[in-house]
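Peer 1: Quick one: structure below, then a few questions.
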2 protein chains.
Amino acid sequence: MKAAVLRDGTMVVEELPDLVPGPGQVLVEPLACGICGSDLHTVDHAHDLVASAKAARSVGAMGGFDPDLDLIMGHEVSCRVLALGAGVEGVGLDSVHAAMPFVLRTDGSRAVPGYDNDFPGGYSDQMLLSPQSLVRVPNGLDPFVAALTEPMAVGRHAVNESSLTAGRLPVVIGAGPVGLAIVAALAARGLEPIIASDFSPKRRATAAEMGAHVVVDPEVADPFDAWREHSDGVTPPVIFEAVGVPGIIDSLMERAPDRSEIVVAGVCIPPDQFRPTLGIYKHLRLTFVLGWTPDEFAASLHDLAEGRIDGQALITGHVGIDGVPQAFADLADPETHVKVLVRPDL
Amino acid sequence: MKAAVLRDGTMVVEELPDLVPGPGQVLVEPLACGICGSDLHTVDHAHDLVASAKAARSVGAMGGFDPDLDLIMGHEVSCRVLALGAGVEGVGLDSVHAAMPFVLRTDGSRAVPGYDNDFPGGYSDQMLLSPQSLVRVPNGLDPFVAALTEPMAVGRHAVNESSLTAGRLPVVIGAGPVGLAIVAALAARGLEPIIASDFSPKRRATAAEMGAHVVVDPEVADPFDAWREHSDGVTPPVIFEAVGVPGIIDSLMERAPDRSEIVVAGVCIPPDQFRPTLGIYKHLRLTFVLGWTPDEFAASLHDLAEGRIDGQALITGHVGIDGVPQAFADLADPETHVKVLVRPDL
């Protein structure tokens, strides 16, 4: 098989031995795999990522990842079934799926392809998955767009975990892939108005395309002024933090209206500073979120299939496996891309 | 009048001109005033306190406090009415009240006696209040115990603002006055078991007396092991942070079970460090709280009056105004005192 491999902080492309599905496993061919911001972080901060997961005793997420060994990333996957391991039933050869990135081990624990040295992710032309991780792509949905299911589920989960109720306006800070997925999930719920903020003109335009009604350039306007203009000025907003850099939580705590909820959906890996008194004086709530549930994953696939989320609007590039190292470099510039799909067929 | 004055970081006792109630104001004699941990902090960190309130744009709380001027602190007050300003009706001379520490100004804004250079707090034998800030002490309640209404309301508010629901056990970290008020509020609700943790033997004993069922010395045991032992091990606890020192929030985020809520009731004034990834991997929620509502204040007074909270158990000392400076020094040692009442009559 062919794969883009992270080795010692560098992306390289290699031919590797073909995979063989073990008992209970399914061998698939990735049709498309989105490049996720977390993967970009992992190139530079793999050791920090593993250390932070260990500190949280979240061995489930990173337990199979030794950052000193080769890693094949990619966890936003649509795929076609190539072969079934012993004992697998009810999965059709050639059937097309969106894949929740997990493989059940015989002891019931889960490996996470893309973050496990033993299980390649989607930057490859072969992957092993479990039958339970496959969600059939409905007829009529472009299988490439189905690769957006995972990031869209991240946005849906952030919204579901929030305290959004009638009258509380959502303010989305950052319109990278996570922020855009949150905007899309809010719009799919029919919420209005949705306020979104980003320094990048391209991302602001995409936020509007995904359903944001009020789009703010924080260089020239304050998203909370937009909130004051469009709300009763009292019922506190739900702020979605989708930037994930040091200092952003404290900055939002300083600017947030009293009794705001800040949903922390951006992933800031290094330790951060904040002023607890800002939270205390303002009665703020910080709600930290990650990932999605299987129900949220399936619902996001249907949002894409039924057009409640326009997945095509998010896809700004397609590259073959050979193009992955260059795509990683290109994604540093927010004006170039929103979501790049890795397509082994290219 | 006589008062204990904070001047340039030192507590001094002075005779000052008598107060005269302005229109709409009530002149009272404090019967008892509890010494609050915030007041101890204010001696050393007055400038930080004001700066943090300003950063939160919470001018309501500290807008009348210039830390370079004299301040008479004290905001946990029971009092007797001495005289009425022009236009005050429905308040009986000599009537006894628990006092919410505010004075309505003519423009509708509020001054906070005890944190306002122009309005003395309860470490004095005279105070000005508004009729709206007085809650009549019910017959049969010791008026000295009624001074505990304010700190008990702080505990009740922390519990009310939390996500406590059936099956979520409360774990109270720190059994100083705030932690004990939280334990008391939980016990008044009939919740069981209540887990509390403190390094001090005296505070652990008081926590048990206030209604904690499981009391942990964190030097020798982990309060979250106690949670695991007494819970189903899955339904996440609500953790009440009542320590308020730098590092405690990060430490609790590291030790908290997945999906815990951490209610931040301790007031950590300096900026603090934390690892957002701990919150993200564990789906934690941080809920910051402060103060109380008038309803919570009144309900706490009735908890004390009807014996649902044993106020006497919290009172470990009485001092006259002359004794305030020494009491501030003594309160640095958690083995000496829980709550000291300043009694102008002594």
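Here, A, B, ... name the chains of the structure tokens in the order displayed, residue numbers run from 1 inside each chain, and ligands are numbered from 1 in the same displayed order.
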Restrict the distance test to only C-alpha atoms, flag each residue of chain B within 7 Å of chain A, and return the flagged residues as a PyMOL selection string.

Peer 2: chain B and resi 52-53+55-56+58+254+267-290

Peer 1: Can you spit out the residues from that selection as a compact mmCIF listing (two decimals), in the first residue's frame, using N, CA, C and O atoms?

Peer 2:
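Final output, saved to again-v6.txt:
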```txt
# COMPACT_ATOMS: atom_id res chain seq x y z
N SER B 52 -8.74 43.44 38.89
CA SER B 52 -9.43 42.29 38.29
C SER B 52 -10.91 42.60 38.08
O SER B 52 -11.50 42.17 37.09
N ALA B 53 -11.51 43.35 39.00
CA ALA B 53 -12.91 43.73 38.81
C ALA B 53 -13.05 44.66 37.60
O ALA B 53 -13.98 44.54 36.82
N ALA B 55 -11.04 44.71 34.98
CA ALA B 55 -10.82 43.92 33.77
C ALA B 55 -12.11 43.20 33.37
O ALA B 55 -12.39 43.02 32.19
N ALA B 56 -12.89 42.80 34.37
CA ALA B 56 -14.17 42.13 34.09
C ALA B 56 -15.28 43.14 33.83
O ALA B 56 -16.43 42.76 33.65
N SER B 58 -16.64 44.84 35.85
CA SER B 58 -17.62 44.68 36.91
C SER B 58 -17.49 45.87 37.84
O SER B 58 -17.09 45.75 38.99
N GLU B 254 -7.02 18.01 36.36
CA GLU B 254 -6.22 16.80 36.15
C GLU B 254 -6.82 15.61 36.88
O GLU B 254 -6.83 14.50 36.36
N VAL B 267 -12.01 32.20 45.29
CA VAL B 267 -11.62 33.37 44.51
C VAL B 267 -10.09 33.44 44.45
O VAL B 267 -9.43 33.79 45.42
N CYS B 268 -9.56 33.08 43.28
CA CYS B 268 -8.12 33.18 43.03
C CYS B 268 -7.89 34.48 42.28
O CYS B 268 -8.28 34.62 41.13
N ILE B 269 -7.28 35.45 42.96
CA ILE B 269 -7.16 36.78 42.35
C ILE B 269 -6.05 36.87 41.30
O ILE B 269 -6.26 37.45 40.25
N PRO B 270 -4.86 36.29 41.52
CA PRO B 270 -3.84 36.43 40.46
C PRO B 270 -4.19 35.62 39.22
O PRO B 270 -5.00 34.68 39.29
N PRO B 271 -3.59 35.96 38.07
CA PRO B 271 -3.73 35.11 36.89
C PRO B 271 -3.24 33.71 37.22
O PRO B 271 -2.42 33.52 38.11
N ASP B 272 -3.76 32.74 36.49
CA ASP B 272 -3.50 31.34 36.83
C ASP B 272 -3.13 30.59 35.55
O ASP B 272 -3.43 31.04 34.45
N GLN B 273 -2.48 29.43 35.72
CA GLN B 273 -2.16 28.58 34.57
C GLN B 273 -3.10 27.39 34.55
O GLN B 273 -3.48 26.87 35.61
N PHE B 274 -3.48 26.93 33.37
CA PHE B 274 -4.21 25.67 33.28
C PHE B 274 -3.96 25.05 31.92
O PHE B 274 -3.44 25.70 31.01
N ARG B 275 -4.27 23.77 31.81
CA ARG B 275 -4.09 23.05 30.56
C ARG B 275 -5.45 22.80 29.93
O ARG B 275 -6.19 21.91 30.37
N PRO B 276 -5.81 23.57 28.90
CA PRO B 276 -7.12 23.38 28.26
C PRO B 276 -7.33 21.94 27.81
O PRO B 276 -8.46 21.44 27.83
N THR B 277 -6.25 21.25 27.41
CA THR B 277 -6.42 19.87 26.93
C THR B 277 -7.03 18.97 27.99
O THR B 277 -7.73 18.01 27.65
N LEU B 278 -6.76 19.24 29.28
CA LEU B 278 -7.38 18.42 30.32
C LEU B 278 -8.90 18.54 30.23
O LEU B 278 -9.63 17.54 30.34
N GLY B 279 -9.37 19.76 30.03
CA GLY B 279 -10.81 19.97 29.90
C GLY B 279 -11.36 19.33 28.65
O GLY B 279 -12.44 18.72 28.67
N ILE B 280 -10.60 19.44 27.57
CA ILE B 280 -11.06 18.95 26.27
C ILE B 280 -11.17 17.42 26.27
O ILE B 280 -12.20 16.85 25.93
N TYR B 281 -10.08 16.77 26.69
CA TYR B 281 -10.11 15.30 26.67
C TYR B 281 -11.18 14.74 27.59
O TYR B 281 -11.72 13.67 27.34
N LYS B 282 -11.45 15.47 28.68
CA LYS B 282 -12.38 14.93 29.68
C LYS B 282 -13.78 15.51 29.58
O LYS B 282 -14.62 15.20 30.44
N HIS B 283 -14.02 16.41 28.63
CA HIS B 283 -15.34 17.02 28.55
C HIS B 283 -15.73 17.67 29.88
O HIS B 283 -16.84 17.48 30.38
N LEU B 284 -14.80 18.44 30.46
CA LEU B 284 -15.11 19.09 31.73
C LEU B 284 -15.92 20.36 31.51
O LEU B 284 -15.95 20.91 30.41
N ARG B 285 -16.55 20.80 32.58
CA ARG B 285 -17.24 22.08 32.57
C ARG B 285 -16.76 22.89 33.78
O ARG B 285 -16.71 22.37 34.89
N LEU B 286 -16.39 24.13 33.55
CA LEU B 286 -16.04 25.04 34.65
C LEU B 286 -17.15 26.07 34.77
O LEU B 286 -17.45 26.79 33.82
N THR B 287 -17.75 26.12 35.95
CA THR B 287 -18.83 27.07 36.20
C THR B 287 -18.35 28.03 37.29
O THR B 287 -18.09 27.61 38.41
N PHE B 288 -18.19 29.29 36.92
CA PHE B 288 -17.69 30.29 37.87
C PHE B 288 -18.87 30.96 38.56
O PHE B 288 -19.85 31.32 37.89
N VAL B 289 -18.77 31.13 39.86
CA VAL B 289 -19.89 31.71 40.61
C VAL B 289 -19.37 32.78 41.57
O VAL B 289 -18.20 32.79 41.93
N LEU B 290 -20.27 33.64 41.97
CA LEU B 290 -19.95 34.69 42.95
C LEU B 290 -21.27 35.19 43.53
O LEU B 290 -22.27 35.31 42.82
```

Peer 1: Write out as a ChimeraX atom specification each polymer residue whose atoms come within 7 Å of Ala196 in chain A, counting only C-alpha atoms; drop sequence neighbours fewer than 4 positions from it.

Peer 2: /A:171-173,207,212,214-216

Peer 1: May I have the residues from that selection written out with N, CA and C atoms, as a tab-separated table (two decimals), in the first residue's frame?

Peer 2:
```tsv
chain	number	residue	atom	x	y	z
A	171	VAL	N	-22.31	32.85	19.00
A	171	VAL	CA	-21.22	33.67	18.45
A	171	VAL	C	-20.04	32.72	18.24
A	172	VAL	N	-19.67	32.51	16.98
A	172	VAL	CA	-18.63	31.54	16.65
A	172	VAL	C	-17.33	32.31	16.40
A	173	ILE	N	-16.32	32.06	17.23
A	173	ILE	CA	-15.04	32.78	17.14
A	173	ILE	C	-14.05	31.87	16.42
A	207	ALA	N	-17.92	31.19	5.90
A	207	ALA	CA	-18.87	31.17	7.03
A	207	ALA	C	-20.24	31.64	6.58
A	212	ALA	N	-23.82	31.52	8.26
A	212	ALA	CA	-23.71	32.62	9.22
A	212	ALA	C	-24.42	33.85	8.67
A	214	VAL	N	-24.39	36.97	10.29
A	214	VAL	CA	-23.62	38.17	10.59
A	214	VAL	C	-22.17	37.74	10.66
A	215	VAL	N	-21.34	38.32	9.81
A	215	VAL	CA	-19.94	37.90	9.73
A	215	VAL	C	-19.06	39.10	10.04
A	216	VAL	N	-18.17	38.93	11.01
A	216	VAL	CA	-17.42	40.05	11.56
A	216	VAL	C	-15.93	39.84	11.31
```

Peer 1: Please, which residues of range 86-193 of chain B, numbered as in this document, come out helix (DSSP H, G or I) from DSSP, as a ChimeraX atom specification?

Peer 2: /B:131-133,145-161,177-188

Peer 1: What lies within 10 Å of Val5 in chain A using only C-alpha atoms, ignoring chain neighbours under 6 positions off, as a list in words?

Peer 2: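 Neighbouring residues, sequence-local ones excluded: Met11, Val12, Val13, Glu14, Glu15, Asp70, Leu71, Ile72, Met73, Pro120, Gly121, Tyr123, Ser124, Ile321, Val324 and Pro325 of chain A.
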
Peer 1: Write out, as a short mmCIF file (atom, residue, chain, number, x, y, z; two decimals), in the first residue's frame, the residues just selected, with N, CA and C atoms.

Peer 2:
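This went into result_18.cif:
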```cif
data_model
loop_
_atom_site.label_atom_id
_atom_site.label_comp_id
_atom_site.auth_asym_id
_atom_site.auth_seq_id
_atom_site.Cartn_x
_atom_site.Cartn_y
_atom_site.Cartn_z
N MET A 11 6.71 14.83 6.86
CA MET A 11 5.79 13.98 6.09
C MET A 11 6.54 13.41 4.89
N VAL A 12 6.53 12.09 4.75
CA VAL A 12 7.17 11.43 3.60
C VAL A 12 6.18 10.44 3.01
N VAL A 13 6.32 10.16 1.73
CA VAL A 13 5.42 9.22 1.06
C VAL A 13 6.18 7.92 0.79
N GLU A 14 5.53 6.80 1.10
CA GLU A 14 6.21 5.51 0.99
C GLU A 14 5.29 4.42 0.48
N GLU A 15 5.90 3.40 -0.12
CA GLU A 15 5.21 2.13 -0.38
C GLU A 15 5.45 1.22 0.82
N ASP A 70 6.83 5.76 13.44
CA ASP A 70 6.09 6.21 12.26
C ASP A 70 4.59 6.25 12.52
N LEU A 71 3.92 7.25 11.93
CA LEU A 71 2.47 7.35 12.09
C LEU A 71 1.86 7.71 10.74
N ILE A 72 0.79 7.01 10.38
CA ILE A 72 0.02 7.39 9.19
C ILE A 72 -1.27 8.02 9.68
N MET A 73 -1.39 9.34 9.49
CA MET A 73 -2.53 10.07 10.03
C MET A 73 -3.73 10.00 9.08
N PRO A 120 -2.98 2.35 10.31
CA PRO A 120 -2.87 3.51 9.43
C PRO A 120 -4.18 4.27 9.34
N GLY A 121 -4.09 5.60 9.23
CA GLY A 121 -5.25 6.42 8.96
C GLY A 121 -5.47 6.57 7.47
N TYR A 123 -4.57 8.74 5.14
CA TYR A 123 -3.60 9.26 4.16
C TYR A 123 -2.88 8.06 3.55
N SER A 124 -3.67 7.12 3.03
CA SER A 124 -3.14 5.85 2.54
C SER A 124 -4.21 5.26 1.62
N ILE A 321 -2.04 10.98 -2.70
CA ILE A 321 -1.18 10.71 -1.55
C ILE A 321 0.17 11.41 -1.73
N VAL A 324 0.31 15.01 -0.30
CA VAL A 324 0.03 15.32 1.10
C VAL A 324 1.09 16.24 1.72
N PRO A 325 2.39 15.96 1.56
CA PRO A 325 3.36 16.86 2.19
C PRO A 325 3.18 18.31 1.75
#
```

Peer 1: Could you check which of B:Asp345, B:Asp18, B:Asp94, B:Asp39 is closest to Ala329 in chain B, using only C-alpha atoms?

Peer 2: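 The shortest atom-to-atom distance to Ala329 in chain B comes from B:Asp39.
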
Peer 1: Range 174-180 of chain A: which residues within 6 Å, counting only C-alpha atoms, same-chain residues fewer than 6 positions away excluded, as a ChimeraX atom specification?

Peer 2: /A:197-198,203,207,242-243

Peer 1: Could you take the residues named above and write them with C-alpha atoms, as a PDB file, in the first residue's frame?

Peer 2:
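Dumped everything to out34.pdb:
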```
ATOM      1  CA  SER A 197     -15.867  36.068  13.348  1.00  0.00           C
ATOM      2  CA  ASP A 198     -12.543  35.468  11.601  1.00  0.00           C
ATOM      3  CA  ARG A 203     -13.020  32.123   5.860  1.00  0.00           C
ATOM      4  CA  ALA A 207     -18.867  31.169   7.029  1.00  0.00           C
ATOM      5  CA  ALA A 242     -12.817  27.548  17.569  1.00  0.00           C
ATOM      6  CA  VAL A 243      -9.384  29.159  17.423  1.00  0.00           C
TER       7      VAL A 243
END
```

Peer 1: Name the residues in contact with range 112-116 of chain A at a cut-off of 6 Å, using only C-alpha atoms, excluding same-chain residues fewer than 6 positions from it; report them as a list in words.

Peer 2: Gly64, Phe65, Ile72, Met73, Gly74, His75, Pro101 and Phe102 of chain A

Peer 1: With N, CA, C and O atoms kept, could you save the residues just selected as an mmCIF file, in the first residue's frame?

Peer 2:
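The resulting file, again.cif, is shown below:
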```cif
data_model
loop_
_atom_site.group_PDB
_atom_site.id
_atom_site.type_symbol
_atom_site.label_atom_id
_atom_site.label_comp_id
_atom_site.auth_asym_id
_atom_site.auth_seq_id
_atom_site.Cartn_x
_atom_site.Cartn_y
_atom_site.Cartn_z
ATOM 1 N N GLY A 64 -2.349 4.331 21.703
ATOM 2 C CA GLY A 64 -1.589 3.538 20.751
ATOM 3 C C GLY A 64 -0.590 4.355 19.950
ATOM 4 O O GLY A 64 -0.090 3.895 18.927
ATOM 5 N N PHE A 65 -0.303 5.587 20.406
ATOM 6 C CA PHE A 65 0.529 6.499 19.630
ATOM 7 C C PHE A 65 1.839 6.761 20.375
ATOM 8 O O PHE A 65 1.862 7.439 21.399
ATOM 9 N N ILE A 72 0.786 7.010 10.382
ATOM 10 C CA ILE A 72 0.022 7.386 9.190
ATOM 11 C C ILE A 72 -1.272 8.022 9.685
ATOM 12 O O ILE A 72 -2.126 7.351 10.253
ATOM 13 N N MET A 73 -1.391 9.336 9.492
ATOM 14 C CA MET A 73 -2.531 10.073 10.035
ATOM 15 C C MET A 73 -3.727 9.999 9.083
ATOM 16 O O MET A 73 -3.677 9.380 8.035
ATOM 17 N N GLY A 74 -4.805 10.720 9.483
ATOM 18 C CA GLY A 74 -6.005 10.803 8.662
ATOM 19 C C GLY A 74 -7.181 10.089 9.313
ATOM 20 O O GLY A 74 -7.184 8.867 9.431
ATOM 21 N N HIS A 75 -8.179 10.854 9.747
ATOM 22 C CA HIS A 75 -9.311 10.239 10.459
ATOM 23 C C HIS A 75 -10.654 10.800 9.975
ATOM 24 O O HIS A 75 -11.673 10.624 10.629
ATOM 25 N N PRO A 101 -13.461 6.635 13.044
ATOM 26 C CA PRO A 101 -12.112 6.085 13.096
ATOM 27 C C PRO A 101 -11.847 5.281 14.369
ATOM 28 O O PRO A 101 -11.279 5.792 15.327
ATOM 29 N N PHE A 102 -12.296 4.039 14.361
ATOM 30 C CA PHE A 102 -11.892 3.157 15.467
ATOM 31 C C PHE A 102 -11.848 1.709 14.981
ATOM 32 O O PHE A 102 -12.515 1.337 14.017
#
```

Peer 1: I'd like to know which of B:Arg343, B:Arg204, B:Lys2, B:His213 is closest to Ala226 in chain B, using only C-alpha atoms.

Peer 2: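 Between B:Arg343, B:Arg204, B:Lys2, B:His213, the residue approaching Ala226 in chain B most closely is B:His213.
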
Peer 1: Nearest residue to Asn160 in chain B out of B:Leu186, B:Val88, B:Ile194, B:Cys33, using only C-alpha atoms?

Peer 2: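 Closest to Asn160 in chain B, using only C-alpha atoms: B:Leu186.
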
Peer 1: Go through A:His97, A:Arg80, A:Arg105, A:His45 one by one, measure the shortest atom-to-atom distance of each to Gln25 in chain A using only C-alpha atoms, and give the residue with the smallest value.

Peer 2: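 Ranked by minimum distance to Gln25 in chain A, first place goes to A:Arg105.
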
Peer 1: Considering only strand (DSSP E) as DSSP defines it on the backbone, what residues of range 175-322 of chain A qualify? List them as a list of chain:residue names.

Peer 2: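 Secondary structure check on range 175-322 of chain A, strand (DSSP E): A:Ile195, A:Ala196, A:Ser197, A:Val214, A:Val215, A:Val216, A:Val238, A:Ile239, A:Phe240, A:Glu241, A:Glu261, A:Ile262, A:Val263, A:Val264, A:Asp272, A:Gln273, A:Phe274, A:Arg285, A:Leu286, A:Thr287, A:Phe288, A:Ile315, A:Thr316, A:Gly317, A:His318, A:Val319.
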
Peer 1: Kindly indicate which residue among A:Pro151, A:Pro23, A:Pro294, A:Pro223 lies nearest to Leu84 in chain A, using only C-alpha atoms for the distances.

Peer 2: A:Pro23

Peer 1: CA of Glu76 in chain A and CA of Asp310 in chain A, how far apart in Å?

Peer 2: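 About the pair CA of Asp310 in chain A and CA of Glu76 in chain A: they are 16.6 Å apart.
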